[in-house]
$ cat my_file07.tsv   # TSV, C-alpha atoms
chain	number	residue	atom	x	y	z
Z	21	LYS	CA	124.30	134.95	118.17
Z	22	ALA	CA	126.29	132.78	120.57
Z	23	GLY	CA	130.06	133.03	120.51
Z	24	VAL	CA	132.67	130.31	120.59
Z	25	THR	CA	132.23	128.01	123.58
Z	26	GLN	CA	135.08	126.04	125.07
Z	27	THR	CA	134.69	123.50	127.85
Z	28	PRO	CA	135.90	123.01	130.43
Z	29	ARG	CA	137.41	126.38	131.37
Z	30	TYR	CA	139.93	124.86	133.77
Z	31	LEU	CA	141.50	121.43	134.12
Z	32	ILE	CA	144.11	119.92	136.38
Z	33	LYS	CA	145.62	116.64	135.26
Z	34	THR	CA	148.50	114.42	136.34
Z	35	ARG	CA	151.48	113.58	134.16
Z	36	GLY	CA	150.78	110.55	131.99
Z	37	GLN	CA	147.03	111.07	131.89
Z	38	GLN	CA	145.10	112.10	128.83
Z	39	VAL	CA	142.66	114.96	128.36
Z	40	THR	CA	139.92	115.95	125.95
Z	41	LEU	CA	138.94	119.56	125.32
Z	42	SER	CA	135.83	120.67	123.50
Z	43	CYS	CA	135.00	123.62	121.26
Z	44	SER	CA	131.63	124.63	119.84
Z	45	PRO	CA	132.05	127.18	117.04
Z	46	ILE	CA	129.73	130.01	116.09
Z	47	SER	CA	126.60	128.70	114.41
Z	48	GLY	CA	127.20	128.36	110.67
Z	49	HIS	CA	130.98	128.30	110.96
Z	50	ARG	CA	132.62	125.21	109.55
Z	51	SER	CA	136.26	125.84	110.43
Z	52	VAL	CA	137.73	125.24	113.87
Z	53	SER	CA	141.39	125.90	114.64
Z	54	TRP	CA	143.24	125.11	117.85
Z	55	TYR	CA	146.11	127.10	119.36
Z	56	GLN	CA	148.32	126.57	122.38
Z	57	GLN	CA	149.37	129.63	124.36
Z	58	THR	CA	152.29	129.51	126.80
Z	59	PRO	CA	154.38	132.32	128.32
Z	60	GLY	CA	157.52	131.04	126.64
Z	61	GLN	CA	156.34	130.12	123.16
Z	62	GLY	CA	153.38	132.46	122.78
Z	63	LEU	CA	150.52	131.39	120.51
Z	64	GLN	CA	151.25	128.33	118.41
Z	65	PHE	CA	148.98	126.71	115.85
Z	66	LEU	CA	148.01	123.11	116.53
Z	67	PHE	CA	145.59	122.15	113.76
Z	68	GLU	CA	142.56	123.22	111.78
Z	69	TYR	CA	139.45	121.26	110.91
Z	70	PHE	CA	137.03	122.14	108.16
Z	71	SER	CA	133.93	120.07	107.42
Z	72	GLU	CA	135.19	117.16	109.55
Z	73	THR	CA	138.58	117.01	107.79
Z	74	GLN	CA	141.92	118.14	109.13
Z	75	ARG	CA	142.97	120.85	106.71
Z	76	ASN	CA	146.23	121.98	108.26
Z	77	LYS	CA	148.51	120.87	111.06
Z	78	GLY	CA	151.16	122.60	113.13
Z	79	ASN	CA	154.43	121.25	114.44
Z	80	PHE	CA	153.28	119.31	117.48
Z	81	PRO	CA	153.92	115.68	118.44
Z	82	GLY	CA	151.43	112.95	117.66
Z	83	ARG	CA	150.21	113.02	121.28
Z	84	PHE	CA	148.11	115.97	120.17
Z	85	SER	CA	145.14	115.00	118.05
Z	86	GLY	CA	141.74	116.32	117.19
Z	87	ARG	CA	138.54	115.69	115.37
Z	88	GLN	CA	135.48	117.52	114.16
Z	89	PHE	CA	131.92	116.32	114.18
Z	90	SER	CA	129.17	116.82	111.61
Z	91	ASN	CA	127.75	119.71	113.67
Z	92	SER	CA	131.19	121.42	113.44
Z	93	ARG	CA	131.93	120.94	117.13
Z	94	SER	CA	135.55	119.95	117.63
Z	95	GLU	CA	137.48	118.08	120.26
Z	96	MET	CA	141.17	118.10	120.96
Z	97	ASN	CA	142.91	115.26	122.75
Z	98	VAL	CA	146.31	115.17	124.40
Z	99	SER	CA	147.61	111.80	125.51
Z	100	THR	CA	150.42	110.97	127.93
Z	101	LEU	CA	150.44	114.46	129.37
Z	102	GLU	CA	153.73	116.16	130.18
Z	103	LEU	CA	154.38	119.12	132.47
Z	104	GLY	CA	155.18	121.21	129.39
Z	105	ASP	CA	151.64	120.73	128.08
Z	106	SER	CA	150.40	123.13	130.75
Z	107	ALA	CA	148.98	126.00	128.73
Z	108	LEU	CA	145.92	127.93	127.67
Z	109	TYR	CA	144.32	126.12	124.73
Z	110	LEU	CA	142.33	128.39	122.46
Z	111	CYS	CA	139.87	127.50	119.79
Z	112	ALA	CA	139.09	129.76	116.84
Z	113	SER	CA	135.96	129.65	114.74
Z	114	SER	CA	135.59	130.95	111.21
Z	115	SER	CA	133.47	130.32	108.18
Z	116	GLY	CA	136.49	128.75	106.49
Z	117	GLN	CA	136.18	131.00	103.48
Z	118	GLU	CA	139.19	133.06	102.47
Z	119	GLY	CA	139.36	136.49	104.00
Z	120	THR	CA	137.06	136.02	106.92
Z	121	GLU	CA	137.63	136.74	110.54
Z	122	ALA	CA	138.54	134.18	113.16
Z	123	PHE	CA	136.78	134.46	116.51
Z	124	PHE	CA	138.25	132.92	119.62
Z	125	GLY	CA	136.72	131.27	122.64
Z	126	GLN	CA	137.72	131.98	126.24
Z	127	GLY	CA	140.10	129.05	126.25
Z	128	THR	CA	140.72	126.04	128.46
Z	129	ARG	CA	143.43	126.46	131.06
Z	130	LEU	CA	145.19	123.09	131.43
Z	131	THR	CA	147.55	122.52	134.32
Z	132	VAL	CA	149.59	119.32	134.40
Z	133	VAL	CA	151.04	118.38	137.79
K	5	GLY	CA	159.77	131.04	107.42
K	6	GLU	CA	157.00	133.14	108.80
K	7	ASP	CA	157.82	135.49	111.63
K	8	VAL	CA	155.87	138.26	113.30
K	9	GLU	CA	157.59	140.62	115.70
K	10	GLN	CA	156.25	143.16	118.14
K	11	SER	CA	157.72	145.29	120.89
K	12	LEU	CA	156.91	143.75	124.26
K	13	PHE	CA	155.72	146.69	126.29
K	14	LEU	CA	154.14	150.13	125.93
K	15	SER	CA	153.13	152.52	128.67
K	16	VAL	CA	150.94	155.59	128.05
K	17	ARG	CA	148.85	158.03	130.04
K	18	GLU	CA	145.07	158.06	129.83
K	19	GLY	CA	143.88	160.33	127.03
K	20	ASP	CA	147.07	159.98	124.99
K	21	SER	CA	147.31	158.04	121.73
K	22	SER	CA	148.94	154.63	121.72
K	23	VAL	CA	150.78	153.20	118.75
K	24	ILE	CA	151.62	149.50	118.71
K	25	ASN	CA	153.94	148.32	115.96
K	26	CYS	CA	154.38	144.98	114.24
K	27	THR	CA	156.64	143.67	111.50
K	28	TYR	CA	156.19	140.50	109.50
K	29	THR	CA	158.37	138.64	107.07
K	30	ASP	CA	156.03	136.64	104.88
K	31	SER	CA	155.38	138.63	101.72
K	32	SER	CA	152.49	136.36	100.81
K	33	SER	CA	150.50	137.48	103.84
K	34	THR	CA	147.15	138.65	102.63
K	35	TYR	CA	145.32	139.49	105.85
K	36	LEU	CA	146.71	141.08	108.98
K	37	TYR	CA	144.85	141.14	112.26
K	38	TRP	CA	144.91	142.81	115.63
K	39	TYR	CA	143.63	140.94	118.67
K	40	LYS	CA	143.28	142.06	122.28
K	41	GLN	CA	143.67	139.76	125.28
K	42	GLU	CA	142.69	140.74	128.79
K	43	PRO	CA	143.90	138.74	131.82
K	44	GLY	CA	142.35	135.29	132.00
K	45	ALA	CA	140.43	135.77	128.76
K	46	GLY	CA	140.57	134.60	125.17
K	47	LEU	CA	141.44	136.72	122.17
K	48	GLN	CA	139.11	139.48	121.07
K	49	LEU	CA	139.28	140.44	117.39
K	50	LEU	CA	139.73	144.20	117.16
K	51	THR	CA	140.19	144.77	113.46
K	52	TYR	CA	141.88	143.42	110.36
K	53	ILE	CA	143.22	144.77	107.10
K	54	PHE	CA	143.59	143.27	103.68
K	55	SER	CA	147.03	143.55	102.17
K	56	ASN	CA	145.90	145.73	99.29
K	57	MET	CA	144.82	148.45	101.74
K	58	ASP	CA	147.02	151.11	103.33
K	59	MET	CA	144.77	152.20	106.13
K	60	LYS	CA	141.62	151.22	107.95
K	61	GLN	CA	139.82	153.23	110.59
K	62	ASP	CA	137.27	151.94	113.04
K	63	GLN	CA	136.17	154.38	115.74
K	64	ARG	CA	139.21	154.94	117.99
K	65	LEU	CA	141.32	152.40	116.10
K	66	THR	CA	143.46	153.15	113.06
K	67	VAL	CA	145.46	150.46	111.31
K	68	LEU	CA	148.29	151.46	108.98
K	69	LEU	CA	149.96	149.00	106.64
K	70	ASN	CA	153.27	149.60	104.85
K	71	LYS	CA	153.47	146.59	102.60
K	72	LYS	CA	156.88	147.54	101.20
K	73	ASP	CA	158.44	147.52	104.68
K	74	LYS	CA	156.11	144.77	105.95
K	75	HIS	CA	155.14	147.01	108.84
K	76	LEU	CA	151.76	147.18	110.52
K	77	SER	CA	150.67	149.54	113.26
K	78	LEU	CA	147.64	149.96	115.48
K	79	ARG	CA	146.85	153.41	116.78
K	80	ILE	CA	144.40	153.79	119.64
K	81	ALA	CA	143.13	157.33	120.04
K	82	ASP	CA	142.18	158.72	123.47
K	83	THR	CA	143.51	155.64	125.26
K	84	GLN	CA	141.52	154.60	128.33
K	85	THR	CA	142.49	152.49	131.34
K	86	GLY	CA	140.17	149.80	129.98
K	87	ASP	CA	142.47	149.50	126.98
K	88	SER	CA	145.17	148.01	129.20
K	89	ALA	CA	145.73	144.52	127.81
K	90	ILE	CA	148.03	142.50	125.59
K	91	TYR	CA	147.70	143.23	121.88
K	92	PHE	CA	148.60	140.62	119.30
K	93	CYS	CA	149.39	141.15	115.67
K	94	ALA	CA	148.72	138.16	113.40
K	95	GLU	CA	149.11	137.37	109.73
K	96	ARG	CA	147.29	134.94	107.52
K	97	ASN	CA	148.23	133.64	104.09
K	98	SER	CA	145.84	133.35	101.22
K	99	GLY	CA	144.27	129.92	101.08
K	100	TYR	CA	145.01	129.01	104.68
K	101	SER	CA	143.06	129.68	107.85
K	102	THR	CA	146.19	129.48	110.00
K	103	LEU	CA	147.17	132.59	111.89
K	104	THR	CA	150.79	133.33	112.80
K	105	PHE	CA	150.99	135.53	115.88
K	106	GLY	CA	153.53	137.89	117.33
K	107	LYS	CA	154.50	137.55	121.00
K	108	GLY	CA	152.14	140.36	121.96
K	109	THR	CA	152.58	143.91	123.24
K	110	MET	CA	151.49	144.66	126.79
K	111	LEU	CA	149.82	148.07	126.89
K	112	LEU	CA	149.64	149.72	130.29
K	113	VAL	CA	147.48	152.82	130.58
K	114	SER	CA	147.97	154.91	133.68
K	115	PRO	CA	145.45	157.47	134.99

$ encode --input "my_file07.tsv" --output "C-alpha coordinates"
Amino acid sequence: KAGVTQTPRYLIKTRGQQVTLSCSPISGHRSVSWYQQTPGQGLQFLFEYFSETQRNKGNFPGRFSGRQFSNSRSEMNVSTLELGDSALYLCASSSGQEGTEAFFGQGTRLTVV
Amino acid sequence: GEDVEQSLFLSVREGDSSVINCTYTDSSSTYLYWYKQEPGAGLQLLTYIFSNMDMKQDQRLTVLLNKKDKHLSLRIADTQTGDSAIYFCAERNSGYSTLTFGKGTMLLVSP
(Lines of atoms letter the chains of each structure in order from A and count residues from 1; the text may use other names and numbers.)
(Lines give C-alpha, C1' and ligand atoms only; values in the text may rest on other atoms or scores of the structure.)
Protein backbone atom coordinates (compact mmCIF):
# COMPACT_ATOMS: atom_id res chain seq x y z
CA LYS A 1 0.00 0.00 0.00
CA ALA A 2 1.55 3.29 -1.09
CA GLY A 3 2.24 5.91 1.53
CA VAL A 4 1.60 9.63 1.48
CA THR A 5 3.21 11.30 -1.53
CA GLN A 6 4.18 14.94 -1.56
CA THR A 7 5.51 16.77 -4.59
CA PRO A 8 7.80 18.42 -5.22
CA ARG A 9 10.32 17.52 -2.50
CA TYR A 10 12.24 20.78 -2.84
CA LEU A 11 11.36 24.23 -4.14
CA ILE A 12 13.17 27.52 -4.37
CA LYS A 13 11.04 30.59 -4.98
CA THR A 14 11.54 34.34 -4.97
CA ARG A 15 9.75 36.73 -2.64
CA GLY A 16 6.42 37.81 -4.09
CA GLN A 17 5.91 34.68 -6.16
CA GLN A 18 3.30 32.06 -5.46
CA VAL A 19 3.68 28.32 -5.03
CA THR A 20 1.50 25.23 -5.16
CA LEU A 21 2.31 22.06 -3.26
CA SER A 22 0.63 18.72 -3.80
CA CYS A 23 -0.25 15.81 -1.53
CA SER A 24 -1.65 12.42 -2.47
CA PRO A 25 -2.99 10.60 0.61
CA ILE A 26 -3.03 6.89 1.29
CA SER A 27 -5.60 5.13 -0.85
CA GLY A 28 -8.97 5.17 0.90
CA HIS A 29 -8.11 8.06 3.19
CA ARG A 30 -10.40 11.04 2.91
CA SER A 31 -8.73 13.48 5.29
CA VAL A 32 -5.68 15.54 4.41
CA SER A 33 -4.09 17.96 6.87
CA TRP A 34 -1.26 20.39 6.21
CA TYR A 35 1.40 21.48 8.69
CA GLN A 36 4.24 23.97 8.51
CA GLN A 37 7.48 23.10 10.28
CA THR A 38 10.09 25.76 11.07
CA PRO A 39 12.99 25.74 13.55
CA GLY A 40 11.48 28.62 15.50
CA GLN A 41 7.80 27.75 15.62
CA GLY A 42 7.95 23.97 15.34
CA LEU A 43 5.00 22.17 13.77
CA GLN A 44 1.95 24.33 13.21
CA PHE A 45 -1.40 23.26 11.80
CA LEU A 46 -2.48 25.00 8.60
CA PHE A 47 -5.76 23.36 7.60
CA GLU A 48 -7.58 20.09 7.15
CA TYR A 49 -9.71 18.91 4.26
CA PHE A 50 -12.19 16.07 4.41
CA SER A 51 -14.25 14.99 1.41
CA GLU A 52 -13.38 18.17 -0.51
CA THR A 53 -14.43 20.48 2.34
CA GLN A 54 -12.20 22.46 4.65
CA ARG A 55 -13.03 21.07 8.07
CA ASN A 56 -10.62 23.01 10.24
CA LYS A 57 -8.22 25.90 9.83
CA GLY A 58 -5.19 27.10 11.76
CA ASN A 59 -4.05 30.62 12.48
CA PHE A 60 -2.35 31.54 9.22
CA PRO A 61 -2.94 34.53 6.93
CA GLY A 62 -5.21 34.32 3.92
CA ARG A 63 -2.16 33.98 1.65
CA PHE A 64 -2.26 30.32 2.61
CA SER A 65 -5.05 28.38 0.97
CA GLY A 66 -5.83 24.86 -0.04
CA ARG A 67 -8.26 22.59 -1.74
CA GLN A 68 -9.07 18.92 -2.06
CA PHE A 69 -10.17 17.07 -5.14
CA SER A 70 -12.70 14.27 -5.51
CA ASN A 71 -9.89 11.69 -5.48
CA SER A 72 -8.78 13.10 -2.07
CA ARG A 73 -5.58 14.58 -3.46
CA SER A 74 -4.95 17.99 -1.95
CA GLU A 75 -3.07 21.09 -2.99
CA MET A 76 -1.82 23.92 -0.88
CA ASN A 77 -1.13 27.36 -2.31
CA VAL A 78 0.87 30.22 -0.86
CA SER A 79 0.64 33.55 -2.61
CA THR A 80 2.92 36.59 -2.34
CA LEU A 81 5.69 34.58 -0.73
CA GLU A 82 7.68 36.05 2.13
CA LEU A 83 11.08 35.00 3.45
CA GLY A 84 9.37 33.72 6.60
CA ASP A 85 7.40 31.19 4.55
CA SER A 86 10.58 29.15 4.14
CA ALA A 87 9.76 25.90 5.89
CA LEU A 88 9.12 22.20 5.56
CA TYR A 89 5.47 21.69 4.63
CA LEU A 90 4.08 18.36 5.74
CA CYS A 91 0.91 16.66 4.71
CA ALA A 92 -0.89 14.12 6.89
CA SER A 93 -3.33 11.51 5.67
CA SER A 94 -5.98 9.80 7.75
CA SER A 95 -9.31 8.13 7.27
CA GLY A 96 -10.96 11.10 8.95
CA GLN A 97 -12.74 8.90 11.45
CA GLU A 98 -12.26 9.63 15.12
CA GLY A 99 -9.41 7.78 16.76
CA THR A 100 -7.41 6.88 13.73
CA GLU A 101 -3.78 7.45 13.02
CA ALA A 102 -2.38 10.22 10.88
CA PHE A 103 0.42 9.30 8.49
CA PHE A 104 2.78 11.91 7.16
CA GLY A 105 4.52 12.36 3.84
CA GLN A 106 8.19 13.25 3.41
CA GLY A 107 7.36 16.92 3.10
CA THR A 108 8.15 19.70 0.66
CA ARG A 109 11.10 21.88 1.59
CA LEU A 110 10.29 25.43 0.44
CA THR A 111 13.02 28.05 0.38
CA VAL A 112 12.08 31.64 -0.34
CA VAL A 113 14.94 33.90 -1.44
CA GLY B 1 -5.24 27.05 25.10
CA GLU B 2 -3.59 23.86 24.05
CA ASP B 3 0.06 23.42 24.87
CA VAL B 4 2.39 20.46 24.64
CA GLU B 5 5.82 20.61 26.23
CA GLN B 6 8.85 18.38 25.93
CA SER B 7 12.45 18.55 27.07
CA LEU B 8 14.65 19.52 24.14
CA PHE B 9 17.50 17.07 24.36
CA LEU B 10 18.37 13.60 25.66
CA SER B 11 21.66 11.76 25.36
CA VAL B 12 22.04 8.04 26.14
CA ARG B 13 24.49 5.24 25.48
CA GLU B 14 23.68 2.39 23.14
CA GLY B 15 21.95 -0.44 24.98
CA ASP B 16 20.52 1.80 27.70
CA SER B 17 16.85 2.69 28.01
CA SER B 18 15.66 6.12 26.92
CA VAL B 19 12.73 7.91 28.47
CA ILE B 20 11.26 10.92 26.69
CA ASN B 21 8.70 12.95 28.61
CA CYS B 22 5.83 15.15 27.53
CA THR B 23 3.22 17.21 29.32
CA TYR B 24 0.02 18.60 27.87
CA THR B 25 -2.56 21.02 29.14
CA ASP B 26 -5.76 20.20 27.29
CA SER B 27 -7.84 17.90 29.47
CA SER B 28 -10.10 17.07 26.55
CA SER B 29 -7.26 15.38 24.67
CA THR B 30 -8.40 11.93 23.75
CA TYR B 31 -5.49 10.58 21.74
CA LEU B 32 -1.79 11.10 22.32
CA TYR B 33 0.84 10.23 19.75
CA TRP B 34 4.55 9.77 19.42
CA TYR B 35 6.25 10.54 16.11
CA LYS B 36 9.88 10.17 15.07
CA GLN B 37 11.63 12.45 12.60
CA GLU B 38 15.01 11.69 11.09
CA PRO B 39 17.06 14.39 9.32
CA GLY B 40 15.49 15.51 6.07
CA ALA B 41 12.49 13.22 6.49
CA GLY B 42 8.83 13.48 7.37
CA LEU B 43 7.21 12.24 10.54
CA GLN B 44 7.00 8.54 11.24
CA LEU B 45 4.17 7.43 13.52
CA LEU B 46 5.63 5.28 16.29
CA THR B 47 2.65 4.62 18.51
CA TYR B 48 -0.39 6.23 20.07
CA ILE B 49 -2.49 5.80 23.18
CA PHE B 50 -6.11 6.47 23.92
CA SER B 51 -6.76 8.59 26.97
CA ASN B 52 -8.58 5.85 28.84
CA MET B 53 -5.44 3.70 28.81
CA ASP B 54 -2.52 3.87 31.25
CA MET B 55 0.05 1.97 29.29
CA LYS B 56 0.73 0.58 25.85
CA GLN B 57 3.63 -1.62 24.84
CA ASP B 58 4.82 -2.26 21.33
CA GLN B 59 8.08 -4.21 21.01
CA ARG B 60 10.83 -1.93 22.38
CA LEU B 61 8.43 0.96 22.94
CA THR B 62 6.40 1.55 26.10
CA VAL B 63 4.04 4.48 26.44
CA LEU B 64 2.87 5.54 29.90
CA LEU B 65 0.03 7.98 30.42
CA ASN B 66 -0.75 9.74 33.70
CA LYS B 67 -4.00 11.47 32.89
CA LYS B 68 -4.27 13.14 36.29
CA ASP B 69 -0.92 14.90 35.82
CA LYS B 70 -1.34 15.17 32.02
CA HIS B 71 2.02 13.49 31.59
CA LEU B 72 3.01 11.16 28.79
CA SER B 73 6.26 9.28 28.42
CA LEU B 74 7.91 7.12 25.77
CA ARG B 75 10.39 4.52 26.89
CA ILE B 76 12.69 2.94 24.32
CA ALA B 77 14.34 -0.23 25.57
CA ASP B 78 17.81 -1.26 24.38
CA THR B 79 18.32 2.02 22.53
CA GLN B 80 20.28 1.74 19.28
CA THR B 81 22.23 4.34 17.31
CA GLY B 82 19.48 4.14 14.67
CA ASP B 83 17.07 5.53 17.25
CA SER B 84 18.88 8.87 17.12
CA ALA B 85 16.25 11.32 15.86
CA ILE B 86 13.81 13.96 17.03
CA TYR B 87 10.76 12.61 18.84
CA PHE B 88 7.51 14.55 18.87
CA CYS B 89 4.64 14.17 21.26
CA ALA B 90 1.23 15.23 19.89
CA GLU B 91 -2.30 15.41 21.21
CA ARG B 92 -5.60 15.27 19.43
CA ASN B 93 -9.05 16.23 20.67
CA SER B 94 -12.12 14.16 20.15
CA GLY B 95 -13.97 15.20 17.03
CA TYR B 96 -11.03 16.94 15.41
CA SER B 97 -8.25 15.60 13.23
CA THR B 98 -5.89 18.41 14.21
CA LEU B 99 -2.73 17.44 16.02
CA THR B 100 -0.99 19.80 18.44
CA PHE B 101 2.71 19.04 18.65
CA GLY B 102 5.43 19.64 21.18
CA LYS B 103 8.71 21.20 20.04
CA GLY B 104 10.36 17.79 19.87
CA THR B 105 13.08 16.03 21.87
CA MET B 106 16.38 15.34 20.13
CA LEU B 107 17.63 11.90 21.15
CA LEU B 108 21.32 11.27 20.64
CA VAL B 109 22.53 7.70 21.07
CA SER B 110 26.26 7.23 21.40
CA PRO B 111 28.09 3.92 20.82

$ interface_residues --input "my_file07.tsv" --of "chain K" --to "chain Z" --cutoff "7 Å" --atoms "all atoms listed in the file" --output "count of residues only"
11

$ closest_residue --input "my_file07.tsv" --among "K:Ile24, K:Ser88, K:Ala81, K:Tyr52" --to "Gln10 in chain K" --atoms "all atoms listed in the file"
K:Ile24

$ atom_distance --input "my_file07.tsv" --atom1 "CA of Val132 in chain Z" --atom2 "CA of Ile90 in chain K"
24.8 Å

$ atom_distance --input "my_file07.tsv" --atom1 "CA of Val8 in chain K" --atom2 "CA of Leu78 in chain K"
14.5 Å

$ closest_residue --input "my_file07.tsv" --among "K:Asn70, K:Ser21, K:Thr29, K:Gln63" --to "Ala94 in chain K" --atoms "all atoms listed in the file"
K:Thr29

$ atom_distance --input "my_file07.tsv" --atom1 "CA of Val67 in chain K" --atom2 "CA of Cys26 in chain K"
10.9 Å

$ residues_near_point --input "my_file07.tsv" --point "(131.1, 114.4, 113.9)" --cutoff "12 Å" --atoms "all atoms listed in the file" --output "list in words"
Ser44, Arg50, Tyr69, Phe70, Ser71, Glu72, Thr73, Gly86, Arg87, Gln88, Phe89, Ser90, Asn91, Ser92, Arg93, Ser94 and Glu95 of chain Z

$ closest_residue --input "my_file07.tsv" --among "K:Leu112, K:Leu103, K:Ile80, K:Phe92" --to "Gln41 in chain K" --atoms "all atoms listed in the file"
K:Phe92

$ residues_around --input "my_file07.tsv" --residues "Ala22 in chain Z" --least-positions-apart "6" --cutoff "9 Å" --atoms "only C-alpha atoms" --output "JSON, numbers by chain"
{"Z": [45, 46, 47]}

$ write_last_selection --input "my_file07.tsv" --atoms "C-alpha atoms" --output "mmCIF file, in the coordinates of the input"
data_model
loop_
_atom_site.group_PDB
_atom_site.id
_atom_site.type_symbol
_atom_site.label_atom_id
_atom_site.label_comp_id
_atom_site.auth_asym_id
_atom_site.auth_seq_id
_atom_site.Cartn_x
_atom_site.Cartn_y
_atom_site.Cartn_z
ATOM 1 C CA PRO Z 45 132.050 127.180 117.040
ATOM 2 C CA ILE Z 46 129.730 130.010 116.090
ATOM 3 C CA SER Z 47 126.600 128.700 114.410
#

$ residues_near_point --input "my_file07.tsv" --point "(148.8, 149.1, 124.6)" --cutoff "12 Å" --atoms "only C-alpha atoms" --output "MDAnalysis selection string"
chainID K and resid 10:18 20:25 38:42 65 77:93 108:114

$ closest_residue --input "my_file07.tsv" --among "Z:Val133, Z:Gln37, Z:Gln57, Z:Gly48" --to "Val98 in chain Z" --atoms "all atoms listed in the file"
Z:Gln37
